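One structure is given here, and the rest of the page talks about it.
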Amino acid sequence: MEKRQADGELSEGCRNAVVLIPAYNPDEKLLALLAELKERFFRVVLVDDGSTDGREIFDRASGMVEKLLTHPVNRGKGAALKTGLSCIGERDVVTADADGQHTVDDILKVADGLRMRRSGLVLGVRSFSRGVPLRSRFGNFWTRWFFFLMTGLNVRDTQTGLRGIPGPLVKRMLSIAGERYEYEMAMLADAKGHEEKPLQIPISTVYINSNRASHFKPLSDTVRIYRSLFKFCVSSILCFLMDNAVYAMLVWVLAGKGMTRGRYTLIALLCARFVSSNFNYLCNRFVVFKSGIPRRKRVHHSYFSYWGLVAVIGAASYILTGALGALLGVDGVLITAVKIFVDVMLFFLGYFLQKRFVFR
């Protein structure tokens, strides 16, 4: 310890930060990482998340870390991170992966970044260019796009496991729900409520054997990560089907009554939107965003915000449907196809506005 304290290369960030590494069935790459970290950091905490292989790795690693914590059974990366954070307490923490994808130099960069962020996260972000496995590039593209839609935060690497958590935020991180990979996404989403936006520091992009050692399960873990988004999509699809079914039925009934196209499409749109929107509001409030039942209030405040948004989206749908219908010369029931196209375009706008303003 005395040797490391006298080493002038150690930054202030390294003196204060604790490196937290969750590990599941690790190999020799973990030992190589720990050997380097031992020379650069005072404190390293390793969490064995119920590994079934690599027991000899942990036996050798125990002498390289300050603490080795163990889960009797595999509980997931989120649970392992929480176990480590609970042990560390309110100190600056840098989380890193055990598979060798994070270099010690990059861990140092994130640790130093914590000196500039006391009320926000520090993220080590990779560059997804040539040489990155296709599934990783594809996954980051969509995850980044959906994450921005959900939170309004532009995070260049939503899948990074190299993160700096300032001491004042550790307790808040422990209160976030999630046991597996969805916990890391929830941590990023929580950053929307921090006083400072995440500090994003460029790091090396390292993939070993095309990232085959990753324990990420594409189907089940993706469902966990995007659970609320999936529920919103299902709610929206049901609302979409109901809206267009009612709309088509009313257009079919009213088109032969001698009304102008503008009049019968307006009546059909208003009626269809009233029925489908009430259904959609109840689904979003109680199932998707779980706003709950208000006390001492018969009408939840989000109801008025929701209907204000419905009015705006509905007006846009009516104007654009009428304009495109006239431009294409479409009349009668066929105009429903035009409305479907318009509503798909407005779907993403509606989701973003609901997530950001109605059900915050």
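Identifiers for the structure tokens are assigned positionally: chains receive A, B, ... in sequence, residues are indexed from 1 per chain, and ligands are indexed from 1 in the order shown.
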
Per-residue nearest contacts segment 240-260 of chain A to segment 337-350 of chain A, cut-off 10 Å, using only C-alpha atoms, as CSV:
```
residue,atom,partner,partner_atom,distance
A:Phe240,CA,A:Asp343,CA,8.4
A:Leu241,CA,A:Ile340,CA,9.7
A:Asp243,CA,A:Ile340,CA,9.9
A:Asn244,CA,A:Ile340,CA,7.6
A:Tyr247,CA,A:Lys339,CA,9.5
A:Ala248,CA,A:Ala337,CA,9.7
```

Take the residues from that selection and put them in a file with N, CA and C atoms, as a PDB file, in the first residue's frame.
```pdb
ATOM      1  N   PHE A 240     -54.877   1.244 -31.668  1.00  0.00           N
ATOM      2  CA  PHE A 240     -54.817   1.483 -33.108  1.00  0.00           C
ATOM      3  C   PHE A 240     -55.876   0.658 -33.836  1.00  0.00           C
ATOM      4  N   LEU A 241     -55.978  -0.627 -33.498  1.00  0.00           N
ATOM      5  CA  LEU A 241     -56.963  -1.494 -34.137  1.00  0.00           C
ATOM      6  C   LEU A 241     -58.386  -1.062 -33.817  1.00  0.00           C
ATOM      7  N   ASP A 243     -59.368   1.946 -32.903  1.00  0.00           N
ATOM      8  CA  ASP A 243     -59.616   3.247 -33.516  1.00  0.00           C
ATOM      9  C   ASP A 243     -59.988   3.113 -34.990  1.00  0.00           C
ATOM     10  N   ASN A 244     -59.219   2.320 -35.715  1.00  0.00           N
ATOM     11  CA  ASN A 244     -59.459   2.202 -37.145  1.00  0.00           C
ATOM     12  C   ASN A 244     -60.666   1.334 -37.468  1.00  0.00           C
ATOM     13  N   TYR A 247     -63.499   3.703 -36.883  1.00  0.00           N
ATOM     14  CA  TYR A 247     -63.439   4.713 -37.938  1.00  0.00           C
ATOM     15  C   TYR A 247     -63.979   4.163 -39.263  1.00  0.00           C
ATOM     16  N   ALA A 248     -63.515   2.969 -39.646  1.00  0.00           N
ATOM     17  CA  ALA A 248     -63.946   2.368 -40.908  1.00  0.00           C
ATOM     18  C   ALA A 248     -65.448   2.077 -40.894  1.00  0.00           C
TER      19      ALA A 248
END
```

Could you list, with a cut-off of 12 Å and counting only C-alpha atoms, the residues of segment 142-189 of chain A near segment 16-25 of chain A, each shown with its nearest atom pair and the distance in Å rounded to one decimal, rows sorted by chain and ascending number, as a Markdown table?
```
| residue | atom | partner | partner_atom | distance |
| --- | --- | --- | --- | --- |
| A:Gly161 | CA | A:Ile21 | CA | 9.7 |
| A:Leu162 | CA | A:Ile21 | CA | 9.7 |
| A:Arg163 | CA | A:Leu20 | CA | 9.8 |
| A:Gly164 | CA | A:Ala17 | CA | 8.7 |
| A:Ile165 | CA | A:Ala17 | CA | 9.1 |
| A:Pro166 | CA | A:Ala17 | CA | 8.6 |
| A:Gly167 | CA | A:Ala17 | CA | 8.9 |
| A:Val170 | CA | A:Val18 | CA | 11.9 |
| A:Arg180 | CA | A:Pro22 | CA | 11.4 |
| A:Tyr181 | CA | A:Pro22 | CA | 11.9 |
```

Please provide as a PDB file with N, CA and C atoms, in the first residue's frame all residues within 9 Å of segment 266-272 of chain A, with the sequence filter that same-chain residues fewer than 5 positions apart are discarded (counting only C-alpha atoms).
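Produced file selection_19.pdb, reproduced below:
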```
ATOM      1  N   MET A 242     -58.613  -0.724 -32.551  1.00  0.00           N
ATOM      2  CA  MET A 242     -59.944  -0.280 -32.151  1.00  0.00           C
ATOM      3  C   MET A 242     -60.318   1.018 -32.854  1.00  0.00           C
ATOM      4  N   ASP A 243     -59.368   1.946 -32.903  1.00  0.00           N
ATOM      5  CA  ASP A 243     -59.616   3.247 -33.516  1.00  0.00           C
ATOM      6  C   ASP A 243     -59.988   3.113 -34.990  1.00  0.00           C
ATOM      7  N   ASN A 244     -59.219   2.320 -35.715  1.00  0.00           N
ATOM      8  CA  ASN A 244     -59.459   2.202 -37.145  1.00  0.00           C
ATOM      9  C   ASN A 244     -60.666   1.334 -37.468  1.00  0.00           C
ATOM     10  N   ALA A 245     -60.981   0.371 -36.589  1.00  0.00           N
ATOM     11  CA  ALA A 245     -62.191  -0.425 -36.803  1.00  0.00           C
ATOM     12  C   ALA A 245     -63.435   0.451 -36.649  1.00  0.00           C
ATOM     13  N   VAL A 246     -63.472   1.255 -35.580  1.00  0.00           N
ATOM     14  CA  VAL A 246     -64.608   2.157 -35.373  1.00  0.00           C
ATOM     15  C   VAL A 246     -64.667   3.195 -36.488  1.00  0.00           C
ATOM     16  N   TYR A 247     -63.499   3.703 -36.883  1.00  0.00           N
ATOM     17  CA  TYR A 247     -63.439   4.713 -37.938  1.00  0.00           C
ATOM     18  C   TYR A 247     -63.979   4.163 -39.263  1.00  0.00           C
ATOM     19  N   ALA A 248     -63.515   2.969 -39.646  1.00  0.00           N
ATOM     20  CA  ALA A 248     -63.946   2.368 -40.908  1.00  0.00           C
ATOM     21  C   ALA A 248     -65.448   2.077 -40.894  1.00  0.00           C
ATOM     22  N   MET A 249     -65.947   1.589 -39.761  1.00  0.00           N
ATOM     23  CA  MET A 249     -67.375   1.276 -39.665  1.00  0.00           C
ATOM     24  C   MET A 249     -68.219   2.534 -39.825  1.00  0.00           C
ATOM     25  N   LEU A 250     -67.822   3.623 -39.172  1.00  0.00           N
ATOM     26  CA  LEU A 250     -68.588   4.866 -39.252  1.00  0.00           C
ATOM     27  C   LEU A 250     -68.486   5.503 -40.642  1.00  0.00           C
ATOM     28  N   VAL A 251     -67.322   5.426 -41.261  1.00  0.00           N
ATOM     29  CA  VAL A 251     -67.180   5.946 -42.627  1.00  0.00           C
ATOM     30  C   VAL A 251     -68.082   5.174 -43.587  1.00  0.00           C
ATOM     31  N   LEU A 254     -71.650   6.388 -42.848  1.00  0.00           N
ATOM     32  CA  LEU A 254     -71.946   7.797 -43.124  1.00  0.00           C
ATOM     33  C   LEU A 254     -71.656   8.227 -44.562  1.00  0.00           C
ATOM     34  N   ARG A 261     -67.051  14.657 -47.808  1.00  0.00           N
ATOM     35  CA  ARG A 261     -65.970  13.845 -47.261  1.00  0.00           C
ATOM     36  C   ARG A 261     -65.401  14.452 -45.991  1.00  0.00           C
ATOM     37  N   SER A 277     -59.208   6.299 -27.355  1.00  0.00           N
ATOM     38  CA  SER A 277     -58.320   7.055 -26.472  1.00  0.00           C
ATOM     39  C   SER A 277     -58.596   6.783 -25.002  1.00  0.00           C
ATOM     40  N   GLY A 314     -54.938  14.272 -32.724  1.00  0.00           N
ATOM     41  CA  GLY A 314     -56.145  14.088 -33.531  1.00  0.00           C
ATOM     42  C   GLY A 314     -56.282  15.147 -34.610  1.00  0.00           C
ATOM     43  N   SER A 317     -53.859  14.352 -37.268  1.00  0.00           N
ATOM     44  CA  SER A 317     -54.321  13.205 -38.043  1.00  0.00           C
ATOM     45  C   SER A 317     -55.407  13.612 -39.035  1.00  0.00           C
ATOM     46  N   TYR A 318     -56.346  14.426 -38.577  1.00  0.00           N
ATOM     47  CA  TYR A 318     -57.451  14.862 -39.442  1.00  0.00           C
ATOM     48  C   TYR A 318     -56.946  15.713 -40.610  1.00  0.00           C
TER      49      TYR A 318
END
```

- Taking the DSSP assignment computed from this structure's backbone, write out as a PyMOL selection string all residues of segment 246-358 of chain A that belong to alpha helix (DSSP H). chain A and resi 246-254+261-283+301-328+335-353

- Query: Per DSSP on the backbone, what are the strand (DSSP E) residues of segment 50-171 of chain A, as a list in words?
  - Reply: Lys67, Leu68, Leu69, Thr70, His71, Val93, Val94, Thr95, Val122, Leu123, Gly124, Val125, Arg163, Gly164 and Ile165 of chain A

- Task: Using only C-alpha atoms, pick whichever of A:Val110, A:Val155, A:Leu37, A:Val358 has the shortest atom-to-atom distance to Ile203 of chain A.
- Result: A:Val110

- For Tyr264 of chain A, which residue out of A:Cys87, A:Val45, A:Ala111, A:Val333 is the nearest one, using only C-alpha atoms? A:Val333

- Task: Using atom CA of Gly50 of chain A and atom CA of Asp27 of chain A as the two end points, give the distance in Å to one decimal.
- Result: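 We find that atom CA of Gly50 of chain A and atom CA of Asp27 of chain A lie 14.5 Å from each other.
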
- Task: Find the spatial neighbours of Phe147 of chain A, counting only C-alpha atoms, within a cut-off of 8 Å - ignore same-chain residues fewer than 6 positions away - and output them as a VMD selection string.
- Result: chain A and resid 153 to 155 158 189

- Work out how far atom CA of Leu46 of chain A is from atom CA of Thr70 of chain A, in Å to one decimal. 8.6 Å

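Between Thr205 of chain A and the candidates A:Pro26, A:Gly54, A:Gly78, A:Gly100, the tightest atom-to-atom separation, counting only C-alpha atoms, involves A:Gly100.
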